[in-house]
$ cat target_29.txt   # compact mmCIF, C-alpha atoms
# COMPACT_ATOMS: atom_id res chain seq x y z
CA MET A 188 97.59 -144.44 -62.56
CA LYS A 189 94.33 -145.36 -64.30
CA VAL A 190 93.84 -142.17 -66.28
CA GLU A 191 90.60 -143.39 -67.91
CA LEU A 192 88.89 -143.14 -64.51
CA LEU A 193 89.72 -139.46 -64.05
CA ARG A 194 86.97 -136.95 -64.82
CA ALA A 195 87.35 -133.29 -65.84
CA GLY A 196 87.13 -131.04 -62.77
CA GLU A 197 88.20 -133.75 -60.32
CA PHE A 198 90.76 -132.74 -57.65
CA PHE A 199 93.19 -135.31 -56.31
CA LEU A 200 96.52 -135.64 -54.54
CA TYR A 201 99.08 -137.54 -56.57
CA SER A 202 101.98 -139.53 -55.16
CA GLY A 203 104.53 -141.07 -57.50
CA GLU A 204 106.84 -140.23 -60.36
CA MET A 205 106.82 -137.33 -62.82
CA ILE A 206 109.18 -136.49 -65.67
CA ILE A 207 109.94 -132.78 -65.94
CA MET A 208 110.43 -131.25 -69.35
CA ARG A 209 109.47 -128.05 -71.12
CA ASP A 210 109.87 -126.20 -74.42
CA ALA A 211 113.59 -126.60 -75.11
CA ALA A 212 113.80 -130.31 -74.22
CA GLN A 213 110.72 -131.18 -76.27
CA LYS A 214 112.08 -129.28 -79.25
CA ARG A 215 115.20 -131.44 -79.01
CA LEU A 216 113.22 -134.66 -78.54
CA SER A 217 111.29 -133.87 -81.71
CA ALA A 218 114.47 -134.48 -83.70
CA TYR A 219 114.65 -138.10 -82.43
CA GLU A 220 112.80 -140.96 -84.12
CA LYS A 221 113.10 -143.15 -81.05
CA CYS A 222 112.85 -141.44 -77.67
CA PRO A 223 116.23 -141.54 -75.86
CA ILE A 224 114.50 -142.09 -72.51
CA ASP A 225 111.63 -144.37 -71.57
CA LEU A 226 108.42 -142.33 -71.41
CA LYS A 227 105.98 -145.25 -71.47
CA ASP A 228 103.19 -144.71 -68.93
CA LYS A 229 104.94 -141.64 -67.55
CA ILE A 230 103.45 -138.33 -66.44
CA VAL A 231 105.17 -135.33 -67.99
CA PHE A 232 105.27 -132.17 -65.87
CA TYR A 233 105.82 -128.95 -67.81
CA ALA A 234 108.18 -127.19 -65.42
CA GLY A 235 111.62 -125.67 -64.95
CA PRO A 236 112.55 -125.65 -61.27
CA ALA A 237 114.57 -122.91 -59.61
CA LYS A 238 117.89 -123.73 -57.95
CA ALA A 239 117.78 -125.76 -54.74
CA SER A 240 119.00 -124.30 -51.45
CA PRO A 241 121.76 -126.34 -49.83
CA GLY A 242 120.33 -129.44 -48.15
CA ASN A 243 117.01 -129.34 -50.04
CA VAL A 244 115.81 -131.97 -52.53
CA ILE A 245 114.78 -129.41 -55.11
CA GLY A 246 114.18 -125.68 -55.46
CA ALA A 247 110.91 -123.87 -56.06
CA ILE A 248 108.90 -125.71 -58.69
CA GLY A 249 105.62 -125.10 -60.45
CA PRO A 250 103.80 -125.56 -63.73
CA THR A 251 104.52 -123.44 -66.79
CA THR A 252 102.04 -122.46 -69.52
CA SER A 253 101.05 -125.68 -71.30
CA VAL A 254 99.66 -124.19 -74.52
CA ARG A 255 103.16 -123.38 -75.76
CA MET A 256 103.86 -127.12 -75.96
CA ASP A 257 100.65 -128.22 -77.67
CA CYS A 258 102.63 -128.83 -80.86
CA TYR A 259 104.67 -131.56 -79.10
CA LEU A 260 101.75 -133.32 -77.36
CA GLU A 261 101.17 -135.97 -80.02
CA MET A 262 104.87 -136.79 -79.98
CA LEU A 263 104.68 -137.38 -76.21
CA PHE A 264 101.59 -139.57 -76.57
CA LYS A 265 103.36 -141.61 -79.26
CA PHE A 266 106.28 -142.05 -76.84
CA GLY A 267 103.72 -143.51 -74.41
CA VAL A 268 103.12 -140.57 -72.04
CA LEU A 269 99.90 -141.04 -70.05
CA ALA A 270 99.30 -137.53 -68.79
CA THR A 271 100.73 -134.02 -68.98
CA VAL A 272 100.72 -131.55 -66.08
CA GLY A 273 100.91 -127.80 -66.55
CA LYS A 274 98.92 -124.62 -66.21
CA GLY A 275 96.22 -122.92 -68.21
CA ILE A 276 93.82 -123.62 -71.02
CA ARG A 277 95.15 -125.40 -74.13
CA SER A 278 94.12 -125.47 -77.76
CA LYS A 279 91.14 -127.47 -79.08
CA ARG A 280 93.59 -129.84 -80.72
CA VAL A 281 94.61 -131.03 -77.24
CA THR A 282 91.11 -132.15 -76.25
CA GLY A 283 90.94 -134.13 -79.52
CA LEU A 284 94.32 -135.76 -78.89
CA CYS A 285 93.38 -136.67 -75.30
CA GLU A 286 90.23 -138.35 -76.58
CA ASP A 287 91.96 -140.14 -79.48
CA TYR A 288 94.81 -141.48 -77.33
CA ARG A 289 92.68 -141.87 -74.14
CA ARG A 290 95.09 -139.67 -72.17
CA VAL A 291 94.59 -136.70 -69.83
CA TYR A 292 95.77 -133.15 -69.19
CA LEU A 293 96.11 -132.14 -65.54
CA ILE A 294 96.72 -128.75 -63.97
CA ALA A 295 98.80 -127.94 -60.92
CA PRO A 296 98.52 -124.69 -58.94
CA SER A 297 100.58 -121.96 -60.58
CA GLY A 298 102.58 -119.33 -58.72
CA CYS A 299 102.84 -121.68 -55.71
CA ALA A 300 106.36 -122.94 -56.26
CA ALA A 301 107.61 -122.67 -52.68
CA ALA A 302 104.70 -124.81 -51.46
CA LEU A 303 104.92 -127.38 -54.28
CA SER A 304 108.64 -127.89 -53.68
CA GLN A 305 107.70 -129.35 -50.29
CA CYS A 306 105.86 -132.22 -52.06
CA VAL A 307 109.02 -133.37 -53.87
CA ILE A 308 110.92 -136.18 -52.14
CA ARG A 309 113.39 -137.15 -54.89
CA HIS A 310 114.97 -135.34 -57.82
CA GLU A 311 117.50 -136.25 -60.50
CA ILE A 312 118.55 -134.93 -63.89
CA LEU A 313 118.02 -137.45 -66.69
CA LEU A 314 119.01 -135.80 -69.98
CA PHE A 315 120.11 -132.57 -71.69
CA GLU A 316 121.87 -131.24 -68.59
CA ASP A 317 123.21 -128.30 -70.60
CA LEU A 318 119.67 -126.92 -70.72
CA GLN A 319 119.95 -126.17 -66.97
CA SER A 320 116.45 -125.69 -65.51
CA GLU A 321 115.04 -126.83 -68.86
CA SER A 322 116.79 -130.22 -68.77
CA ILE A 323 114.76 -133.44 -68.54
CA GLN A 324 114.45 -134.37 -64.87
CA ARG A 325 112.76 -137.01 -62.80
CA ILE A 326 110.99 -136.29 -59.52
CA GLU A 327 109.02 -138.27 -57.01
CA VAL A 328 106.23 -136.42 -55.26
CA GLU A 329 103.92 -137.00 -52.31
CA ASP A 330 100.41 -135.55 -52.11
CA PHE A 331 100.94 -133.29 -55.08
CA PRO A 332 97.70 -131.31 -55.76
CA LEU A 333 96.22 -131.72 -59.25
CA ILE A 334 92.95 -131.02 -61.04
CA VAL A 335 91.83 -132.84 -64.20
CA ALA A 336 91.56 -130.21 -66.94
CA VAL A 337 90.95 -132.55 -69.91
CA ASP A 338 89.86 -136.15 -69.36
CA SER A 339 90.26 -139.15 -71.65
CA ASP A 340 86.78 -138.59 -73.13
CA GLY A 341 87.92 -135.14 -74.27
CA CYS A 342 85.74 -133.35 -71.70
CA GLN A 343 87.34 -130.23 -70.34
CA LEU A 344 87.20 -128.06 -67.26
CA PHE A 345 87.86 -124.60 -68.70
CA MET B 215 132.41 -91.14 -52.48
CA ASN B 216 130.60 -92.13 -55.62
CA ASN B 217 131.64 -95.73 -55.22
CA MET B 218 130.01 -95.78 -51.80
CA ILE B 219 126.81 -94.40 -53.24
CA GLU B 220 126.88 -97.07 -55.93
CA GLU B 221 127.53 -99.85 -53.41
CA ASN B 222 124.69 -98.62 -51.17
CA LEU B 223 122.41 -98.36 -54.15
CA LYS B 224 123.27 -101.89 -55.22
CA GLU B 225 122.65 -103.29 -51.73
CA MET B 226 119.26 -101.57 -51.52
CA ILE B 227 118.27 -102.93 -54.92
CA LYS B 228 119.41 -106.43 -53.98
CA GLN B 229 117.34 -106.42 -50.80
CA ALA B 230 114.30 -105.10 -52.68
CA ILE B 231 114.64 -107.89 -55.28
CA ILE B 232 114.79 -110.50 -52.49
CA ASN B 233 111.71 -109.00 -50.82
CA ALA B 234 109.75 -108.99 -54.08
CA ASN B 235 110.60 -112.65 -54.72
CA THR B 236 109.79 -113.92 -51.24
CA GLN B 237 107.31 -111.59 -49.48
CA ILE B 238 103.76 -111.34 -50.71
CA SER B 239 102.70 -107.74 -51.31
CA GLU B 240 100.59 -106.33 -48.45
CA GLU B 241 98.15 -104.99 -51.07
CA ILE B 242 97.64 -108.43 -52.58
CA LYS B 243 97.59 -110.54 -49.40
CA PRO B 244 93.95 -109.78 -48.42
CA PHE B 245 92.73 -110.98 -51.84
CA ILE B 246 94.61 -114.27 -51.39
CA ASP B 247 93.41 -114.67 -47.80
CA GLN B 248 89.78 -114.21 -48.89
CA TYR B 249 90.04 -116.70 -51.76
CA ASN B 250 88.39 -120.04 -51.04
CA GLY B 251 88.21 -121.65 -54.48
CA PRO B 252 90.25 -124.47 -56.08
CA PHE B 253 93.86 -124.76 -54.84
CA SER B 254 93.20 -122.05 -52.19
CA ASN B 255 95.04 -123.96 -49.45
CA VAL B 256 98.24 -124.33 -51.41
CA ILE B 257 98.08 -120.70 -52.57
CA LYS B 258 97.87 -119.55 -48.94
CA ASP B 259 100.52 -122.01 -47.75
CA ASN B 260 102.81 -120.81 -50.51
CA TYR B 261 103.36 -117.28 -49.26
CA ARG B 262 103.93 -118.50 -45.71
CA ILE B 263 106.47 -121.11 -46.85
CA SER B 264 108.18 -118.57 -49.08
CA ARG B 265 108.50 -116.08 -46.24
CA SER B 266 109.85 -118.63 -43.77
CA THR B 267 112.23 -120.51 -46.11
CA GLY B 268 113.43 -117.83 -48.53
CA LEU B 269 112.26 -119.96 -51.46
CA PRO B 270 110.74 -117.76 -54.15
CA LEU B 271 106.95 -117.41 -54.40
CA CYS B 272 107.18 -118.57 -58.01
CA GLN B 273 109.86 -120.65 -59.74
CA ASP B 274 109.81 -118.10 -62.56
CA THR B 275 111.86 -115.41 -60.87
CA GLY B 276 111.65 -113.33 -63.99
CA MET B 277 113.73 -111.10 -66.15
CA VAL B 278 114.04 -108.04 -63.93
CA GLU B 279 112.77 -104.83 -65.48
CA PHE B 280 113.78 -101.45 -64.01
CA PHE B 281 112.33 -97.97 -64.51
CA CYS B 282 114.86 -95.41 -63.31
CA PHE B 283 113.87 -91.78 -62.80
CA LEU B 284 117.30 -90.23 -62.80
CA GLY B 285 117.73 -86.66 -61.58
CA VAL B 286 120.25 -84.57 -63.55
CA ASN B 287 122.06 -83.74 -60.30
CA PHE B 288 122.36 -87.37 -59.27
CA HIS B 289 125.80 -88.49 -60.40
CA LEU B 290 127.10 -92.00 -60.86
CA LYS B 291 130.56 -93.06 -62.02
CA ARG B 292 129.36 -96.13 -63.84
CA PRO B 293 126.37 -96.73 -66.10
CA LEU B 294 123.16 -97.64 -64.28
CA GLN B 295 122.81 -100.71 -66.49
CA VAL B 296 126.11 -102.05 -65.15
CA ILE B 297 125.21 -101.40 -61.52
CA LEU B 298 121.76 -102.97 -61.89
CA ASP B 299 123.13 -106.00 -63.78
CA GLU B 300 125.61 -106.52 -60.95
CA ALA B 301 122.78 -106.33 -58.40
CA VAL B 302 120.71 -108.89 -60.33
CA SER B 303 123.66 -111.20 -60.93
CA GLU B 304 124.75 -111.11 -57.29
CA VAL B 305 121.25 -111.81 -55.93
CA TYR B 306 120.42 -114.56 -58.41
CA SER B 307 123.79 -116.27 -57.99
CA VAL B 308 123.41 -116.81 -54.25
CA SER B 309 119.64 -117.20 -53.91
CA PRO B 310 117.49 -120.25 -54.71
CA TYR B 311 116.03 -118.47 -57.73
CA ARG B 312 116.00 -119.49 -61.37
CA TYR B 313 118.34 -118.31 -64.08
CA SER B 314 115.76 -117.51 -66.72
CA THR B 315 117.65 -115.55 -69.37
CA VAL B 316 119.16 -117.10 -72.50
CA ASP B 317 121.93 -115.56 -74.55
CA ASP B 318 120.56 -115.49 -78.06
CA PRO B 319 116.78 -115.35 -78.52
CA LEU B 320 116.70 -117.53 -81.64
CA PHE B 321 119.90 -119.52 -82.16
CA GLY B 322 121.24 -121.65 -79.32
CA ARG B 323 119.23 -120.09 -76.50
CA LYS B 324 122.05 -120.86 -74.10
CA ASN B 325 121.31 -120.01 -70.47
CA ARG B 326 123.42 -117.08 -69.25
CA LEU B 327 123.57 -118.48 -65.68
CA ASP B 328 123.30 -115.12 -63.92
CA ASN B 329 119.82 -113.89 -64.96
CA THR B 330 121.25 -110.77 -66.59
CA PRO B 331 120.81 -108.52 -68.40
CA ALA B 332 118.15 -106.58 -66.59
CA VAL B 333 115.92 -104.50 -68.83
CA VAL B 334 116.64 -100.90 -67.83
CA HIS B 335 114.59 -97.86 -68.79
CA ILE B 336 116.10 -94.51 -67.82
CA ILE B 337 113.88 -91.46 -67.60
CA CYS B 338 115.80 -88.20 -67.09
CA CYS B 339 114.31 -85.83 -64.53
CA ALA B 340 115.09 -82.56 -62.76
CA GLY B 341 116.60 -82.66 -59.25
CA GLY B 342 119.08 -84.78 -57.36
CA ARG B 343 117.16 -87.99 -56.73
CA LEU B 344 117.16 -91.43 -58.22
CA ASP B 345 113.82 -93.23 -58.02
CA ILE B 346 113.85 -96.81 -59.18
CA ARG B 347 110.81 -99.01 -59.63
CA PHE B 348 111.03 -102.56 -60.83
CA LEU B 349 108.95 -105.51 -61.97
CA ILE B 350 109.75 -109.18 -61.51
CA LYS B 351 107.51 -110.62 -64.15
CA GLY B 352 107.53 -114.18 -65.38
CA GLY B 353 107.37 -115.34 -68.99
CA GLY B 354 103.76 -116.44 -68.64
CA SER B 355 102.48 -112.93 -68.06
CA GLU B 356 105.02 -111.38 -70.44
CA ASN B 357 103.66 -113.51 -73.29
CA LEU B 358 100.36 -111.63 -72.94
CA SER B 359 101.92 -108.26 -73.85
CA ARG B 360 100.17 -106.81 -76.89
CA LEU B 361 100.32 -103.73 -79.09
CA PHE B 362 97.28 -102.58 -81.05
CA MET B 363 97.61 -99.65 -83.43
CA LEU B 364 94.07 -98.30 -83.24
CA SER B 365 92.53 -95.80 -85.64
CA PRO B 366 92.95 -92.21 -84.42
CA SER B 367 89.16 -91.88 -84.54
CA ALA B 368 88.69 -94.75 -82.07
CA ALA B 369 86.44 -94.07 -79.06
CA LYS B 370 86.90 -95.13 -75.47
CA GLU B 371 84.65 -98.15 -76.10
CA ASP B 372 87.10 -99.34 -78.79
CA VAL B 373 89.96 -99.12 -76.31
CA ALA B 374 87.99 -100.98 -73.64
CA ASN B 375 86.76 -103.63 -76.11
CA ARG B 376 90.24 -104.40 -77.39
CA VAL B 377 91.67 -104.80 -73.87
CA VAL B 378 88.75 -106.91 -72.60
CA GLU B 379 88.77 -109.14 -75.71
CA HIS B 380 92.46 -109.77 -75.26
CA ILE B 381 92.08 -110.75 -71.60
CA ALA B 382 89.01 -112.87 -72.40
CA GLU B 383 91.03 -114.82 -74.96
CA SER B 384 94.32 -115.24 -73.08
CA GLY B 385 93.95 -114.03 -69.47
CA ALA B 386 93.59 -117.54 -68.01
CA ARG B 387 97.14 -118.36 -69.12
CA SER B 388 98.92 -115.79 -67.03
CA CYS B 389 97.99 -116.69 -63.46
CA PRO B 390 95.05 -114.39 -62.72
CA PRO B 391 93.88 -112.26 -60.90
CA LEU B 392 95.80 -109.79 -63.01
CA LYS B 393 96.98 -106.26 -62.72
CA VAL B 394 96.47 -104.71 -66.17
CA GLY B 395 98.74 -101.94 -67.46
CA ILE B 396 97.64 -99.87 -70.44
CA GLY B 397 99.81 -97.49 -72.46
CA LEU B 398 97.85 -95.13 -74.67
CA GLY B 399 99.38 -92.73 -77.20
CA GLY B 400 102.97 -91.88 -78.02
CA THR B 401 104.52 -94.20 -80.57
CA SER B 402 104.34 -97.98 -80.61
CA GLU B 403 107.31 -98.56 -78.28
CA LYS B 404 106.43 -95.59 -76.06
CA ALA B 405 102.99 -97.12 -75.46
CA MET B 406 104.56 -100.51 -74.62
CA VAL B 407 106.93 -98.99 -72.07
CA LEU B 408 104.08 -96.99 -70.51
CA SER B 409 101.98 -100.14 -70.19
CA LYS B 410 104.83 -101.75 -68.25
CA LEU B 411 105.45 -98.69 -66.11
CA ALA B 412 101.72 -98.71 -65.30
CA LEU B 413 102.21 -102.13 -63.66
CA THR B 414 104.42 -100.53 -60.99
CA SER B 415 101.37 -98.59 -59.67
CA SER B 416 99.65 -99.36 -56.41
CA ILE B 417 96.40 -101.21 -57.14
CA TYR B 418 94.61 -98.37 -55.33
CA LYS B 419 96.05 -95.61 -57.50
CA HIS B 420 93.76 -94.14 -60.13
CA HIS B 421 94.38 -91.81 -63.04
CA GLN B 422 94.06 -88.15 -62.01
CA ASP B 423 91.92 -87.32 -65.04
CA PRO B 424 88.37 -88.49 -64.19
CA HIS B 425 87.76 -89.62 -67.79
CA TYR B 426 90.67 -92.03 -67.61
CA ALA B 427 89.89 -93.00 -64.01
CA SER B 428 86.40 -94.00 -65.12
CA LEU B 429 87.78 -95.90 -68.13
CA GLU B 430 90.18 -97.78 -65.80
CA GLU B 431 87.22 -98.72 -63.60
CA GLU B 432 85.05 -99.74 -66.54
CA ILE B 433 87.75 -102.01 -67.99
CA LYS B 434 88.40 -103.56 -64.58
CA GLU B 435 84.69 -104.27 -64.05
CA ARG B 436 84.32 -105.77 -67.52
CA ILE B 437 87.36 -108.01 -67.01
CA ASN B 438 85.97 -109.12 -63.66
CA SER B 439 82.65 -109.99 -65.27
CA LEU B 440 84.53 -112.49 -67.49
CA ASN B 441 84.75 -114.67 -64.34
CA ILE B 442 88.13 -116.13 -65.30
CA GLY B 443 89.06 -116.15 -61.61
CA PHE B 444 92.08 -117.32 -59.62
CA GLN B 445 94.11 -119.86 -61.62
CA GLY B 446 91.62 -119.41 -64.48
CA LEU B 447 89.21 -121.68 -62.59
CA GLY B 448 86.25 -119.32 -62.34
CA SER B 449 86.30 -118.41 -58.64
CA SER B 450 86.75 -114.93 -57.17
CA ILE B 451 88.07 -111.90 -59.05
CA THR B 452 89.94 -111.80 -62.38
CA CYS B 453 91.46 -108.32 -62.18
CA TYR B 454 92.88 -106.43 -59.18
CA SER B 455 93.21 -103.12 -60.99
CA THR B 456 93.71 -101.41 -64.32
CA HIS B 457 96.13 -98.52 -64.82
CA ILE B 458 96.29 -96.25 -67.84
CA LEU B 459 99.29 -94.06 -68.68
CA THR B 460 99.01 -91.69 -71.62
CA HIS B 461 101.33 -89.71 -73.89
CA PRO B 462 100.72 -87.22 -76.73
CA THR B 463 100.55 -88.96 -80.08
CA HIS B 464 100.63 -88.35 -83.85
CA ILE B 465 97.51 -87.08 -85.66
CA ALA B 466 97.32 -90.37 -87.59
CA THR B 467 97.86 -92.80 -84.68
CA LEU B 468 96.43 -94.17 -81.46
CA PRO B 469 98.79 -96.83 -80.11
CA LEU B 470 97.26 -99.05 -77.41
CA ALA B 471 99.63 -101.30 -75.48
CA VAL B 472 98.55 -103.88 -72.90
CA SER B 473 100.77 -105.57 -70.32
CA VAL B 474 99.67 -107.75 -67.43
CA ASP B 475 101.15 -108.83 -64.15
CA CYS B 476 100.29 -112.15 -62.51
CA TYR B 477 98.48 -112.59 -59.19
CA LEU B 478 101.71 -112.21 -57.20
CA CYS B 479 102.41 -108.64 -58.46
CA ARG B 480 106.12 -108.82 -57.60
CA THR B 481 107.22 -105.20 -57.71
CA GLY B 482 109.53 -103.00 -55.70
CA SER B 483 110.89 -99.50 -55.46
CA VAL B 484 113.98 -97.79 -54.10
CA THR B 485 114.59 -94.06 -53.66
CA PHE B 486 118.05 -92.61 -53.38
CA GLU B 487 119.08 -88.99 -52.62
CA SER B 488 122.50 -87.77 -53.62

$ encode --input "target_29.txt" --output "structure tokens"
Amino acid sequence: MKVELLRAGEFFLYSGEMIIMRDAAQKRLSAYEKCPIDLKDKIVFYAGPAKASPGNVIGAIGPTTSVRMDCYLEMLFKFGVLATVGKGIRSKRVTGLCEDYRRVYLIAPSGCAAALSQCVIRHEILLFEDLQSESIQRIEVEDFPLIVAVDSDGCQLF
Amino acid sequence: MNNMIEENLKEMIKQAIINANTQISEEIKPFIDQYNGPFSNVIKDNYRISRSTGLPLCQDTGMVEFFCFLGVNFHLKRPLQVILDEAVSEVYSVSPYRYSTVDDPLFGRKNRLDNTPAVVHIICCAGGRLDIRFLIKGGGSENLSRLFMLSPSAAKEDVANRVVEHIAESGARSCPPLKVGIGLGGTSEKAMVLSKLALTSSIYKHHQDPHYASLEEEIKERINSLNIGFQGLGSSITCYSTHILTHPTHIATLPLAVSVDCYLCRTGSVTFES
């Protein structure tokens, strides 16, 4: 994904890979000097999916509040993360970081977890399985709805 | 006999929890159907998919909070907390919901894997009924709970300003449009509990005292004029309703508590006669 081309306010449907992680996993990652998984050019989705029903790829899934994880954003960018996906407005520091690293912050519809689960075609747990829904997971999505909240020039939607 | 009452009670609670997690409230549905702003298609698809598949409306299936109005002539053999924890554990263990409670809040934060304990408030009443209301509120809206210890000489404008400023600053983070619960008076924790209880109200219910009813309306209008909108993206309304519950307070205090519920307003109620 060419994140430099995305502009704040733009809506698009994304198909491809996302790495799921939220507060607990990022707190753990912050103790590592070298990231134990490859996050280069990845999109990190701040989420903690519900349990899957039998026969389904994944359970209900949706974005959690991004601002809680602002303190770990620079770490993710240093690990090579291209974009983060979550919900809600973030701190001013985030717009500065997006501009400095030429990365973006995207928002997904919140409170729509039954619908979003239908966009997920693959799901696997990568790391920290003991964290349950907060473990690091990998998903592949098709036509996943996103809006650019902060673009790589530091312009923001909110 | 009592065991049967407890089993029936548990089954009714379990069904009500499932309904709240998977069926959009009839009060809220028209607001969603009328919304045509960003992400409106997926928001509308969501409640249909949830209803037809049994997947929860939101992945954050909450820490369940109960308000139990327990009549003195309504007798149970076991503590209500135990019965309600069993109901929560049984529903969350077999449903495609999320286990969202961790054991210790600071050290370890190990997931309990049954979504218990429920938070249970028991209010003793006359009579032989048990009325239970509950909230399924996610962490995103819970993180907006606030307590302000106002000066006892504060005026209604001070109350309104503090609530509106708080929503202006943080409302976009908790999946608006919001239902806003306000607890006024009592002590600090009494006000907090009242602000939560207020969230179990119908959005069409107003305070019986016209002064408070008008304050509820004023706060709602001011929040709506913030234009935070669905998803915090500036379209449509920001606040469904505002509900104030009051309690006598100390001459030196005026506690003001604010709690909010997200756009899904996942609540339920069960009434049981002995």

$ atom_distance --input "target_29.txt" --atom1 "atom CA of Asp317 of chain B" --atom2 "atom CA of Leu298 of chain B"
17.9 Å

$ closest_residue --input "target_29.txt" --among "B:Phe288, B:Phe281, B:Tyr477, B:Phe362" --to "chain A" --atoms "only C-alpha atoms"
B:Tyr477

$ closest_residue --input "target_29.txt" --among "A:Ala302, A:Cys342, A:Ile312, A:Ala211" --to "chain B" --atoms "all atoms listed in the file"
A:Ala302

$ closest_atom_pairs --input "target_29.txt" --of "segment 224-259 of chain A" --to "segment 313-324 of chain A" --cutoff "10 Å" --atoms "all atoms listed in the file" --output "CSV"
residue,atom,partner,partner_atom,distance
A:Ile224,CA,A:Leu314,CA,8.1
A:Val231,CA,A:Ile323,CA,9.8
A:Phe232,CA,A:Gln324,CA,9.5
A:Tyr233,CA,A:Glu321,CA,9.5
A:Ala234,CA,A:Glu321,CA,7.7
A:Gly235,CA,A:Ser320,CA,4.9
A:Pro236,CA,A:Ser320,CA,5.8
A:Ala237,CA,A:Ser320,CA,6.8
A:Lys238,CA,A:Ser320,CA,7.9

$ write_last_selection --input "target_29.txt" --atoms "C-alpha atoms" --output "short mmCIF file (atom, residue, chain, number, x, y, z; two decimals), in the frame of the given file"
data_model
loop_
_atom_site.label_atom_id
_atom_site.label_comp_id
_atom_site.auth_asym_id
_atom_site.auth_seq_id
_atom_site.Cartn_x
_atom_site.Cartn_y
_atom_site.Cartn_z
CA ILE A 224 114.50 -142.09 -72.51
CA VAL A 231 105.17 -135.33 -67.99
CA PHE A 232 105.27 -132.17 -65.87
CA TYR A 233 105.82 -128.95 -67.81
CA ALA A 234 108.18 -127.19 -65.42
CA GLY A 235 111.62 -125.67 -64.95
CA PRO A 236 112.55 -125.65 -61.27
CA ALA A 237 114.57 -122.91 -59.61
CA LYS A 238 117.89 -123.73 -57.95
#

$ interface_residues --input "target_29.txt" --of "chain B" --to "chain A" --cutoff "7 Å" --atoms "all atoms listed in the file" --output "number ranges by chain"
B: 253, 256-257, 259-260, 263-264, 269-273, 310-312, 354, 386-387, 389, 445-447

$ write_last_selection --input "target_29.txt" --atoms "C-alpha atoms" --output "mmCIF file, keeping the file's coordinate frame"
data_model
loop_
_atom_site.group_PDB
_atom_site.id
_atom_site.type_symbol
_atom_site.label_atom_id
_atom_site.label_comp_id
_atom_site.auth_asym_id
_atom_site.auth_seq_id
_atom_site.Cartn_x
_atom_site.Cartn_y
_atom_site.Cartn_z
ATOM 1 C CA PHE B 253 93.860 -124.760 -54.840
ATOM 2 C CA VAL B 256 98.240 -124.330 -51.410
ATOM 3 C CA ILE B 257 98.080 -120.700 -52.570
ATOM 4 C CA ASP B 259 100.520 -122.010 -47.750
ATOM 5 C CA ASN B 260 102.810 -120.810 -50.510
ATOM 6 C CA ILE B 263 106.470 -121.110 -46.850
ATOM 7 C CA SER B 264 108.180 -118.570 -49.080
ATOM 8 C CA LEU B 269 112.260 -119.960 -51.460
ATOM 9 C CA PRO B 270 110.740 -117.760 -54.150
ATOM 10 C CA LEU B 271 106.950 -117.410 -54.400
ATOM 11 C CA CYS B 272 107.180 -118.570 -58.010
ATOM 12 C CA GLN B 273 109.860 -120.650 -59.740
ATOM 13 C CA PRO B 310 117.490 -120.250 -54.710
ATOM 14 C CA TYR B 311 116.030 -118.470 -57.730
ATOM 15 C CA ARG B 312 116.000 -119.490 -61.370
ATOM 16 C CA GLY B 354 103.760 -116.440 -68.640
ATOM 17 C CA ALA B 386 93.590 -117.540 -68.010
ATOM 18 C CA ARG B 387 97.140 -118.360 -69.120
ATOM 19 C CA CYS B 389 97.990 -116.690 -63.460
ATOM 20 C CA GLN B 445 94.110 -119.860 -61.620
ATOM 21 C CA GLY B 446 91.620 -119.410 -64.480
ATOM 22 C CA LEU B 447 89.210 -121.680 -62.590
#

$ closest_residue --input "target_29.txt" --among "A:Tyr292, A:Tyr201, A:Phe331, A:Tyr219" --to "Phe266 of chain A" --atoms "all atoms listed in the file"
A:Tyr219

$ atom_distance --input "target_29.txt" --atom1 "atom CA of Glu430 of chain B" --atom2 "atom CA of Pro244 of chain B"
21.5 Å

$ closest_residue --input "target_29.txt" --among "B:Pro424, B:Ser450, B:Cys476, B:Ala466" --to "Ala368 of chain B" --atoms "only C-alpha atoms"
B:Ala466

$ build_atoms --input "target_29.txt" --residues "segment 325-331 of chain B" --atoms "N, CA and C atoms" --output "PDB file, in the coordinates of the input"
ATOM      1  N   ASN B 325     121.578-120.720 -71.713  1.00  0.00           N
ATOM      2  CA  ASN B 325     121.310-120.010 -70.470  1.00  0.00           C
ATOM      3  C   ASN B 325     122.524-119.204 -70.025  1.00  0.00           C
ATOM      4  N   ARG B 326     122.301-117.964 -69.604  1.00  0.00           N
ATOM      5  CA  ARG B 326     123.420-117.080 -69.250  1.00  0.00           C
ATOM      6  C   ARG B 326     123.938-117.327 -67.827  1.00  0.00           C
ATOM      7  N   LEU B 327     123.143-118.064 -67.031  1.00  0.00           N
ATOM      8  CA  LEU B 327     123.570-118.480 -65.680  1.00  0.00           C
ATOM      9  C   LEU B 327     123.849-117.328 -64.722  1.00  0.00           C
ATOM     10  N   ASP B 328     123.243-116.175 -64.940  1.00  0.00           N
ATOM     11  CA  ASP B 328     123.300-115.120 -63.920  1.00  0.00           C
ATOM     12  C   ASP B 328     122.035-114.233 -63.946  1.00  0.00           C
ATOM     13  N   ASN B 329     121.098-114.602 -64.811  1.00  0.00           N
ATOM     14  CA  ASN B 329     119.820-113.890 -64.960  1.00  0.00           C
ATOM     15  C   ASN B 329     119.956-112.457 -65.465  1.00  0.00           C
ATOM     16  N   THR B 330     121.121-112.075 -65.935  1.00  0.00           N
ATOM     17  CA  THR B 330     121.250-110.770 -66.590  1.00  0.00           C
ATOM     18  C   THR B 330     121.051-110.965 -68.087  1.00  0.00           C
ATOM     19  N   PRO B 331     120.887-109.898 -68.862  1.00  0.00           N
ATOM     20  CA  PRO B 331     120.810-108.520 -68.400  1.00  0.00           C
ATOM     21  C   PRO B 331     119.429-108.170 -67.845  1.00  0.00           C
TER      22      PRO B 331
END
